[in-house]
file protein.txt (compact mmCIF, C-alpha atoms (C1' of nucleotides))
# COMPACT_ATOMS: atom_id res chain seq x y z
CA MET A 1 16.12 127.17 156.65
CA THR A 2 19.21 128.84 155.09
CA TRP A 3 17.04 131.82 154.21
CA ALA A 4 15.93 132.01 157.83
CA ILE A 5 19.50 132.06 159.08
CA PHE A 6 20.33 134.80 156.56
CA HIS A 7 17.46 136.93 157.74
CA LYS A 8 18.31 136.36 161.32
CA HIS A 9 22.01 137.38 161.00
CA ARG A 10 21.62 139.90 158.18
CA PRO A 11 23.44 142.80 159.89
CA THR A 12 26.30 140.59 160.94
CA ILE A 13 26.74 139.15 157.49
CA LEU A 14 26.61 142.54 155.84
CA TYR A 15 29.14 143.82 158.25
CA GLY A 16 31.36 140.85 157.52
CA ILE A 17 31.07 141.32 153.83
CA SER A 18 31.78 145.00 154.15
CA LEU A 19 34.83 144.27 156.24
CA ALA A 20 36.05 141.71 153.72
CA LEU A 21 35.55 144.08 150.83
CA LEU A 22 37.44 146.78 152.67
CA LEU A 23 40.30 144.47 153.38
CA PHE A 24 40.34 143.30 149.76
CA LEU A 25 40.36 146.92 148.63
CA LEU A 26 43.18 147.74 150.94
CA LYS A 27 45.19 144.70 149.70
CA TRP A 28 44.48 145.66 146.12
CA LEU A 29 45.59 149.19 146.73
CA GLU A 30 48.72 147.87 148.42
CA LEU A 31 49.43 145.62 145.42
CA ARG A 32 48.83 148.47 143.04
CA PHE A 33 51.12 150.59 145.07
CA ILE A 34 53.80 147.93 145.00
CA VAL A 35 53.34 147.42 141.32
CA ILE A 36 53.52 151.11 140.61
CA ASN A 37 56.49 151.55 142.86
CA HIS A 38 58.30 148.66 141.26
CA ILE A 39 57.03 149.02 137.73
CA PHE A 40 60.56 149.49 136.43
CA GLU A 41 61.89 146.33 138.07
CA ILE A 42 58.94 144.31 136.82
CA TYR A 43 59.42 145.65 133.33
CA ALA A 44 63.09 144.95 133.49
CA GLY A 45 62.37 141.46 134.74
CA ALA A 46 59.96 140.84 131.91
CA ILE A 47 62.51 142.03 129.39
CA ALA A 48 65.14 139.87 131.03
CA LEU A 49 62.92 136.80 130.82
CA LEU A 50 61.90 137.54 127.28
CA PHE A 51 65.41 138.09 126.02
CA THR A 52 66.81 135.14 127.92
CA GLY A 53 64.27 133.07 126.02
CA LEU A 54 65.28 134.77 122.80
CA GLY A 55 68.92 134.04 123.50
CA ILE A 56 68.22 130.38 124.15
CA TRP A 57 66.11 130.15 121.00
CA LEU A 58 68.81 131.85 118.96
CA ALA A 59 71.48 129.59 120.31
CA LEU A 60 69.51 126.44 119.59
CA LYS A 61 68.37 127.59 116.20
CA LEU A 62 71.49 129.11 114.80
CA THR A 63 74.38 127.08 116.11
CA LYS A 64 75.91 124.64 113.67
CA PRO A 65 75.78 121.08 114.78
CA LYS A 66 79.09 119.52 115.64
CA VAL A 67 80.19 117.30 112.79
CA GLU A 68 81.55 113.95 113.66
CA THR A 69 83.40 112.34 110.78
CA VAL A 70 83.40 108.59 110.56
CA ILE A 71 85.71 107.12 107.96
CA VAL A 72 84.50 103.85 106.56
CA GLU A 73 86.95 101.85 104.51
CA LYS A 74 85.28 100.62 101.39
CA GLU A 75 87.03 97.93 99.43
CA VAL A 76 87.17 98.70 95.76
CA PHE A 77 88.51 95.95 93.59
CA ILE A 78 90.23 97.54 90.72
CA ASP A 79 92.14 95.79 88.04
CA THR A 80 95.46 97.52 88.27
CA LYS A 81 96.93 95.20 85.72
CA GLU A 82 94.44 95.95 83.06
CA PHE A 83 96.06 96.36 79.64
CA ARG A 84 96.33 99.90 78.43
CA PHE A 85 98.27 100.37 75.22
CA ASN A 86 101.29 102.59 75.68
CA ALA A 87 101.30 104.79 72.59
CA GLN A 88 104.12 106.90 74.01
CA GLU A 89 106.48 103.95 74.02
CA GLN A 90 105.49 103.11 70.48
CA ALA A 91 106.29 106.66 69.42
CA ARG A 92 109.52 106.71 71.42
CA LEU A 93 110.73 103.52 69.75
CA GLY A 94 109.39 104.62 66.39
CA LEU A 95 107.43 101.44 65.76
CA SER A 96 105.19 101.42 62.70
CA LYS A 97 101.68 99.97 62.59
CA ARG A 98 102.79 96.94 60.65
CA GLU A 99 105.70 96.28 62.98
CA LEU A 100 103.36 96.46 65.93
CA GLU A 101 101.01 94.06 64.20
CA VAL A 102 103.82 91.59 63.62
CA LEU A 103 104.87 92.00 67.24
CA GLY A 104 101.37 91.09 68.36
CA LEU A 105 101.30 87.95 66.24
CA ILE A 106 104.77 86.96 67.43
CA SER A 107 103.55 87.28 70.99
CA GLU A 108 100.74 84.88 70.18
CA GLY A 109 103.34 82.27 69.37
CA LEU A 110 103.00 82.29 65.60
CA SER A 111 105.97 81.48 63.37
CA ASN A 112 107.07 83.90 60.67
CA GLN A 113 105.46 81.64 58.08
CA GLU A 114 102.13 81.70 59.92
CA ILE A 115 102.33 85.46 60.33
CA ALA A 116 102.99 85.82 56.60
CA ALA A 117 99.88 83.78 55.86
CA GLN A 118 97.82 85.78 58.33
CA LEU A 119 98.87 89.12 56.85
CA PHE A 120 98.79 87.96 53.22
CA VAL A 121 102.41 88.91 52.66
CA SER A 122 105.52 86.96 51.87
CA LEU A 123 107.74 85.32 54.46
CA ASN A 124 110.52 87.73 53.52
CA THR A 125 108.36 90.71 54.32
CA VAL A 126 107.59 89.35 57.74
CA LYS A 127 111.30 88.82 58.25
CA THR A 128 112.17 92.39 57.40
CA HIS A 129 109.41 93.68 59.67
CA SER A 130 110.58 91.57 62.56
CA SER A 131 114.18 92.52 61.88
CA ARG A 132 113.44 96.23 62.04
CA LEU A 133 111.29 95.57 65.07
CA PHE A 134 114.15 93.90 66.91
CA GLU A 135 116.49 96.71 65.92
CA LYS A 136 114.15 99.37 67.23
CA MET A 137 113.36 97.49 70.40
CA GLU A 138 117.03 96.68 70.90
CA VAL A 139 116.47 92.97 71.37
CA LYS A 140 117.94 89.93 69.72
CA SER A 141 115.09 87.44 69.53
CA ARG A 142 111.32 87.19 69.38
CA THR A 143 111.06 85.95 72.95
CA GLN A 144 113.01 88.95 74.19
CA ALA A 145 110.80 91.20 72.09
CA VAL A 146 107.68 89.70 73.65
CA GLU A 147 109.10 90.00 77.15
CA LYS A 148 110.07 93.65 76.65
CA ALA A 149 106.84 94.52 74.85
CA LYS A 150 104.81 93.23 77.80
CA ARG A 151 106.91 95.28 80.18
CA LEU A 152 106.35 98.38 78.07
CA SER A 153 102.62 97.70 77.70
CA LEU A 154 102.81 97.44 73.95
CA ILE A 155 100.94 94.14 74.07
CA PRO A 156 98.61 92.71 76.72
CA MET B 1 108.99 177.07 110.03
CA THR B 2 105.96 175.30 111.55
CA TRP B 3 106.53 177.35 114.71
CA ALA B 4 106.62 180.55 112.73
CA ILE B 5 103.29 179.80 111.13
CA PHE B 6 101.83 179.07 114.57
CA HIS B 7 102.99 182.42 115.99
CA LYS B 8 101.73 184.30 113.02
CA HIS B 9 98.20 182.88 113.13
CA ARG B 10 98.00 182.40 116.90
CA PRO B 11 94.73 184.28 117.49
CA THR B 12 93.02 182.59 114.60
CA ILE B 13 94.08 179.16 115.80
CA LEU B 14 92.99 179.85 119.36
CA TYR B 15 89.68 181.11 118.14
CA GLY B 16 89.21 177.99 116.06
CA ILE B 17 90.06 175.74 118.96
CA SER B 18 87.66 177.59 121.26
CA LEU B 19 84.90 177.28 118.73
CA ALA B 20 85.53 173.60 118.32
CA LEU B 21 85.49 173.05 122.10
CA LEU B 22 82.23 174.95 122.40
CA LEU B 23 80.61 172.90 119.69
CA PHE B 24 81.88 169.73 121.29
CA LEU B 25 80.43 170.83 124.66
CA LEU B 26 77.08 171.59 123.12
CA LYS B 27 77.01 168.23 121.37
CA TRP B 28 77.96 166.52 124.62
CA LEU B 29 75.18 168.28 126.50
CA GLU B 30 72.73 167.32 123.81
CA LEU B 31 73.86 163.72 124.08
CA ARG B 32 73.55 163.84 127.88
CA PHE B 33 70.05 165.21 127.48
CA ILE B 34 69.12 162.43 125.10
CA VAL B 35 70.63 159.85 127.41
CA ILE B 36 68.77 161.19 130.44
CA ASN B 37 65.52 161.40 128.55
CA HIS B 38 65.89 157.90 127.28
CA ILE B 39 67.55 156.34 130.29
CA PHE B 40 64.81 153.74 130.60
CA GLU B 41 65.06 152.61 127.01
CA ILE B 42 68.81 152.42 127.22
CA TYR B 43 68.59 150.44 130.43
CA ALA B 44 66.03 148.13 128.91
CA GLY B 45 68.23 147.68 125.86
CA ALA B 46 71.20 146.88 128.04
CA ILE B 47 69.17 144.31 129.95
CA ALA B 48 67.89 142.86 126.73
CA LEU B 49 71.43 142.50 125.37
CA LEU B 50 72.72 141.08 128.63
CA PHE B 51 70.00 138.49 128.97
CA THR B 52 70.11 137.55 125.33
CA GLY B 53 73.75 136.78 125.95
CA LEU B 54 72.81 134.88 129.09
CA GLY B 55 70.22 132.89 127.15
CA ILE B 56 72.73 132.01 124.48
CA TRP B 57 75.29 131.05 127.09
CA LEU B 58 72.74 128.92 128.93
CA ALA B 59 71.67 127.19 125.77
CA LEU B 60 75.21 126.44 124.72
CA LYS B 61 76.28 125.37 128.18
CA LEU B 62 73.37 123.26 129.24
CA THR B 63 72.20 121.56 126.07
CA LYS B 64 73.90 118.50 124.64
CA PRO B 65 75.81 119.34 121.50
CA LYS B 66 74.17 118.33 118.27
CA VAL B 67 76.17 115.63 116.53
CA GLU B 68 75.93 115.07 112.87
CA THR B 69 77.60 111.91 111.63
CA VAL B 70 79.21 112.08 108.25
CA ILE B 71 80.31 108.83 106.71
CA VAL B 72 83.23 109.18 104.39
CA GLU B 73 84.02 106.20 102.23
CA LYS B 74 87.70 105.60 101.81
CA GLU B 75 88.66 103.57 98.80
CA VAL B 76 91.10 100.74 99.36
CA PHE B 77 92.62 99.49 96.16
CA ILE B 78 93.19 95.81 95.97
CA ASP B 79 95.18 94.03 93.34
CA THR B 80 93.05 91.30 91.88
CA LYS B 81 95.52 89.96 89.37
CA GLU B 82 98.39 88.86 91.47
CA PHE B 83 100.51 85.99 90.18
CA ARG B 84 99.75 82.72 91.88
CA PHE B 85 101.62 79.68 90.63
CA ASN B 86 99.30 77.01 89.32
CA ALA B 87 100.74 73.80 90.70
CA GLN B 88 97.73 71.84 89.50
CA GLU B 89 98.51 72.64 85.88
CA GLN B 90 102.10 71.67 86.40
CA ALA B 91 100.98 68.31 87.80
CA ARG B 92 98.39 67.85 85.07
CA LEU B 93 100.98 68.40 82.35
CA GLY B 94 103.58 66.39 84.26
CA LEU B 95 106.24 69.10 84.11
CA SER B 96 109.40 68.40 86.08
CA LYS B 97 111.21 70.99 88.20
CA ARG B 98 113.99 71.34 85.67
CA GLU B 99 111.60 71.74 82.79
CA LEU B 100 109.74 74.45 84.67
CA GLU B 101 113.04 76.14 85.39
CA VAL B 102 113.94 76.10 81.72
CA LEU B 103 110.49 77.42 80.89
CA GLY B 104 111.02 80.34 83.24
CA LEU B 105 114.35 81.24 81.66
CA ILE B 106 112.89 80.91 78.18
CA SER B 107 110.15 83.34 79.18
CA GLU B 108 112.81 85.82 80.26
CA GLY B 109 114.07 85.85 76.70
CA LEU B 110 117.24 83.84 77.22
CA SER B 111 118.69 81.71 74.41
CA ASN B 112 119.34 78.02 74.89
CA GLN B 113 123.05 78.77 75.17
CA GLU B 114 122.45 81.34 77.92
CA ILE B 115 120.15 78.97 79.75
CA ALA B 116 122.81 76.27 79.57
CA ALA B 117 125.34 78.64 81.10
CA GLN B 118 122.89 79.71 83.81
CA LEU B 119 122.10 76.13 84.81
CA PHE B 120 125.67 74.86 84.39
CA VAL B 121 124.60 72.21 81.89
CA SER B 122 125.34 71.62 78.24
CA LEU B 123 123.42 73.15 75.37
CA ASN B 124 122.16 69.72 74.43
CA THR B 125 120.66 69.20 77.85
CA VAL B 126 118.76 72.43 77.57
CA LYS B 127 117.53 71.33 74.17
CA THR B 128 116.21 68.04 75.47
CA HIS B 129 114.53 69.78 78.37
CA SER B 130 112.85 72.27 76.12
CA SER B 131 111.89 69.54 73.68
CA ARG B 132 110.17 67.48 76.37
CA LEU B 133 108.64 70.68 77.67
CA PHE B 134 107.13 71.47 74.28
CA GLU B 135 105.86 67.91 73.95
CA LYS B 136 104.16 68.01 77.34
CA MET B 137 102.72 71.45 76.76
CA GLU B 138 101.68 70.48 73.26
CA VAL B 139 103.34 73.45 71.63
CA LYS B 140 105.83 73.79 68.82
CA SER B 141 108.02 76.72 69.82
CA ARG B 142 109.34 78.64 72.81
CA THR B 143 107.11 81.63 72.10
CA GLN B 144 104.04 79.42 72.10
CA ALA B 145 105.25 77.82 75.30
CA VAL B 146 105.60 81.22 76.95
CA GLU B 147 102.19 82.31 75.74
CA LYS B 148 100.50 79.18 77.02
CA ALA B 149 102.43 79.16 80.27
CA LYS B 150 101.23 82.68 81.03
CA ARG B 151 97.66 81.67 80.33
CA LEU B 152 98.01 78.67 82.64
CA SER B 153 99.70 80.74 85.37
CA LEU B 154 102.84 78.68 85.27
CA ILE B 155 104.90 81.88 84.99
CA PRO B 156 104.06 85.47 85.95
C1' DA C 1 104.85 117.85 42.90
C1' DC C 2 108.34 116.33 45.60
C1' DT C 3 110.04 113.95 49.48
C1' DA C 4 110.35 110.90 53.39
C1' DA C 5 108.69 107.12 55.71
C1' DA C 6 106.46 102.80 55.45
C1' DA C 7 105.52 98.55 53.37
C1' DT C 8 106.58 95.16 50.25
C1' DC C 9 109.65 91.48 48.32
C1' DA C 10 114.01 88.82 47.12
C1' DC C 11 118.42 86.28 47.95
C1' DC C 12 122.08 84.65 50.78
C1' DC C 13 124.15 82.99 54.89
C1' DG C 14 125.10 81.78 59.51
C1' DA C 15 123.22 80.97 63.95
C1' DA C 16 119.76 79.29 66.78
C1' DA C 17 115.95 76.43 67.55
C1' DG C 18 113.78 72.25 67.44
C1' DT C 19 113.43 66.84 66.33
C1' DA C 20 114.92 62.22 66.68
C1' DT C 21 117.44 58.77 68.81
C1' DG C 22 120.33 56.77 72.06
C1' DA C 23 122.49 56.41 76.34
C1' DG C 24 124.67 57.14 81.06
C1' DT C 25 123.81 58.82 85.98
C1' DT C 26 121.27 59.87 90.04
C1' DA C 27 117.59 60.02 93.30
C1' DA C 28 113.36 58.45 94.97
C1' DA C 29 109.77 55.10 95.42
C1' DT C 30 108.18 50.31 95.97
C1' DA D 1 117.10 45.55 95.37
C1' DT D 2 114.77 46.87 91.65
C1' DT D 3 112.18 49.88 89.10
C1' DT D 4 111.03 54.33 87.59
C1' DA D 5 111.32 59.07 86.69
C1' DA D 6 114.24 62.85 86.26
C1' DC D 7 118.42 64.72 84.77
C1' DT D 8 122.23 64.66 82.01
C1' DC D 9 124.81 64.59 77.52
C1' DA D 10 125.89 63.49 72.57
C1' DT D 11 125.32 63.17 67.49
C1' DA D 12 122.91 63.96 63.37
C1' DC D 13 119.53 66.32 60.88
C1' DT D 14 115.75 69.78 59.61
C1' DT D 15 113.56 73.97 60.20
C1' DT D 16 113.25 78.49 61.62
C1' DC D 17 115.16 82.70 62.86
C1' DG D 18 117.65 86.76 62.28
C1' DG D 19 121.23 89.83 59.92
C1' DG D 20 122.80 92.05 55.75
C1' DT D 21 121.88 94.17 51.46
C1' DG D 22 119.24 95.98 47.87
C1' DA D 23 115.12 97.14 45.32
C1' DT D 24 110.21 98.49 44.24
C1' DT D 25 105.84 100.34 45.41
C1' DT D 26 102.52 102.90 48.48
C1' DT D 27 101.28 106.27 51.44
C1' DA D 28 101.35 110.50 53.64
C1' DG D 29 103.10 115.09 54.66
C1' DT D 30 105.14 119.69 53.00
call {"tool": "encode", "arguments": {"input": "protein.txt", "output": "structure tokens"}}
result
Amino acid sequence: MTWAIFHKHRPTILYGISLALLLFLLKWLELRFIVINHIFEIYAGAIALLFTGLGIWLALKLTKPKVETVIVEKEVFIDTKEFRFNAQEQARLGLSKRELEVLGLISEGLSNQEIAAQLFVSLNTVKTHSSRLFEKMEVKSRTQAVEKAKRLSLIP
Amino acid sequence: MTWAIFHKHRPTILYGISLALLLFLLKWLELRFIVINHIFEIYAGAIALLFTGLGIWLALKLTKPKVETVIVEKEVFIDTKEFRFNAQEQARLGLSKRELEVLGLISEGLSNQEIAAQLFVSLNTVKTHSSRLFEKMEVKSRTQAVEKAKRLSLIP
DNA sequence: ACTAAAATCACCCGAAAGTATGAGTTAAAT
DNA sequence: ATTTAACTCATACTTTCGGGTGATTTTAGT
């Protein structure tokens, strides 16, 4: 049935097709013409598009991120009253090793007699040590010596 | 003198200047020629530059800024060994106010005589106070008392 | 090897610290 | 009102501390 219709209107259809082709040709030629006439603008447009894209890419890729600084307070418990022997004070006062040793034992509450026993020396020796100690530290008694020694970080 | 030199070599100088101008003109013409011959490339380059800039501008203007959060820890030093009077120990040992007062002055290195003067009492009173103090604290001397009192946080 | 500082010890003496005992006063609790 | 604890003071006595002086021995630095 379709075939029959084709055969019946063959000239008309051919004419139609020919007309359509002609029109298409004309439109194509027109487009070509436009394209040729505006080739520069099109090229420029393409470049513009391309390089706009490039610019955006560059900007996104190469910019440094903004840095936002957040300060968090962290509690650090530090023993500020930790004992650290002050050798400078010892040198300044000119205290000898033995004198310092006696000072330490005095600060522990030992009597001269006990200190003598501890150090395997005579009571008199301990007395002379403590005497020189008091002289050098410019104090008048063992309690003052202990108090000052703690202040000067000579004993804990 | 400079003027004299100019007058003397006037033709030479003029000739030199003319030559220089001619060379400059030729170079300029050559440049013009190059520019005209490459007008399209130059134009394209200009567009490329312009739109790259536009792209960058767009990217920077229209995108949200990147934010990088940096956490900086700030150390806060806290004193852990602060003196806190130990009232419990005082109660446990049964130390009276006056005895504690005497203890404090002893720890400062004062003699019994000085303590007596400070408290407006007699030397004997100070002695009895310190004696009872030593009994209660179970020590035998002022230095021991000071040492123990510090351990028990009765004095700083 | 010589010297200076440190460590050791002894003796004496006065001052301070600490013990023992007793007692008077005051303030707070029952 | 009475009791109790804290504060006060005194006297007598013992022990320890601290100053003064001098001497001997180690140790360390030049």
call {"tool": "residues_around", "arguments": {"input": "protein.txt", "residues": "B:Leu95", "least_positions_apart": "6", "cutoff": "9 Å", "atoms": "all atoms listed in the file", "output": "JSON, numbers by chain"}}
result
{"B": [89, 132, 133, 136, 137]}
call {"tool": "atom_distance", "arguments": {"input": "protein.txt", "atom1": "atom CA of B:Ile39", "atom2": "atom CA of A:Glu30"}}
result
27.5 Å
call {"tool": "residues_around", "arguments": {"input": "protein.txt", "residues": "C:DA27", "least_positions_apart": "5", "cutoff": "12 Å", "atoms": "all atoms listed in the file", "output": "mmCIF file with C-alpha atoms (C1' of nucleotides), keeping the file's coordinate frame"}}
result
data_model
loop_
_atom_site.group_PDB
_atom_site.id
_atom_site.type_symbol
_atom_site.label_atom_id
_atom_site.label_comp_id
_atom_site.auth_asym_id
_atom_site.auth_seq_id
_atom_site.Cartn_x
_atom_site.Cartn_y
_atom_site.Cartn_z
ATOM 1 C "C1'" DT D 4 111.030 54.330 87.590
ATOM 2 C "C1'" DA D 5 111.320 59.070 86.690
ATOM 3 C "C1'" DA D 6 114.240 62.850 86.260
ATOM 4 C "C1'" DC D 7 118.420 64.720 84.770
#
call {"tool": "residues_around", "arguments": {"input": "protein.txt", "residues": "B:Val146", "least_positions_apart": "6", "cutoff": "9 Å", "atoms": "all atoms listed in the file", "output": "list in words"}}
result
Ser107, Gly109 and Thr143 of chain A; Leu103, Gly104, Ile106, Ser107 and Ile155 of chain B
call {"tool": "atom_distance", "arguments": {"input": "protein.txt", "atom1": "atom CA of A:Gln118", "atom2": "atom CA of A:Pro156"}}
result
19.7 Å
call {"tool": "closest_atom_pairs", "arguments": {"input": "protein.txt", "of": "chain A", "to": "chain D", "cutoff": "10 Å", "atoms": "all atoms listed in the file", "output": "CSV"}}
result
residue,atom,partner,partner_atom,distance
A:Ser111,CA,D:DT16,C1',8.1
A:Asn112,CA,D:DT16,C1',8.3
A:Gln113,CA,D:DT16,C1',9.1
A:Lys127,CA,D:DG18,C1',7.8
A:Thr128,CA,D:DG18,C1',9.2
A:Ser130,CA,D:DG18,C1',8.6
A:Ser131,CA,D:DG18,C1',6.7
A:Phe134,CA,D:DG18,C1',9.2
A:Lys140,CA,D:DG18,C1',8.1
A:Ser141,CA,D:DG18,C1',7.7
A:Arg142,CA,D:DC17,C1',8.8
call {"tool": "interface_residues", "arguments": {"input": "protein.txt", "of": "chain A", "to": "chain B", "cutoff": "10 Å", "atoms": "all atoms listed in the file", "output": "PyMOL selection string"}}
result
chain A and resi 40+43-60+63-82+106-111+139-148
call {"tool": "closest_residue", "arguments": {"input": "protein.txt", "among": "C:DG24, C:DC9, C:DT30, C:DT19", "to": "chain A", "atoms": "only C-alpha atoms (C1' of nucleotides)"}}
result
C:DC9
call {"tool": "interface_residues", "arguments": {"input": "protein.txt", "of": "chain C", "to": "chain B", "cutoff": "12 Å", "atoms": "only C-alpha atoms (C1' of nucleotides)", "output": "PDB file with C-alpha atoms (C1' of nucleotides), in the frame of the given file"}}
result
ATOM      1  C1'  DA C  15     123.220  80.970  63.950  1.00  0.00           C
ATOM      2  C1'  DA C  16     119.760  79.290  66.780  1.00  0.00           C
ATOM      3  C1'  DA C  17     115.950  76.430  67.550  1.00  0.00           C
ATOM      4  C1'  DG C  18     113.780  72.250  67.440  1.00  0.00           C
ATOM      5  C1'  DT C  19     113.430  66.840  66.330  1.00  0.00           C
ATOM      6  C1'  DA C  20     114.920  62.220  66.680  1.00  0.00           C
ATOM      7  C1'  DT C  21     117.440  58.770  68.810  1.00  0.00           C
TER       8       DT C  21
END
call {"tool": "atom_distance", "arguments": {"input": "protein.txt", "atom1": "atom CA of A:Leu25", "atom2": "atom CA of A:Asn37"}}
result
17.7 Å
call {"tool": "residues_near_point", "arguments": {"input": "protein.txt", "point": "(110.2, 87.3, 48.5)", "cutoff": "8 Å", "atoms": "all atoms listed in the file", "output": "PyMOL selection string"}}
result
(chain A and resi 122-125) or (chain C and resi 9-10)
call {"tool": "closest_residue", "arguments": {"input": "protein.txt", "among": "B:Arg32, B:Glu41, B:Leu21, B:Leu100", "to": "B:Ala149", "atoms": "all atoms listed in the file"}}
result
B:Leu100
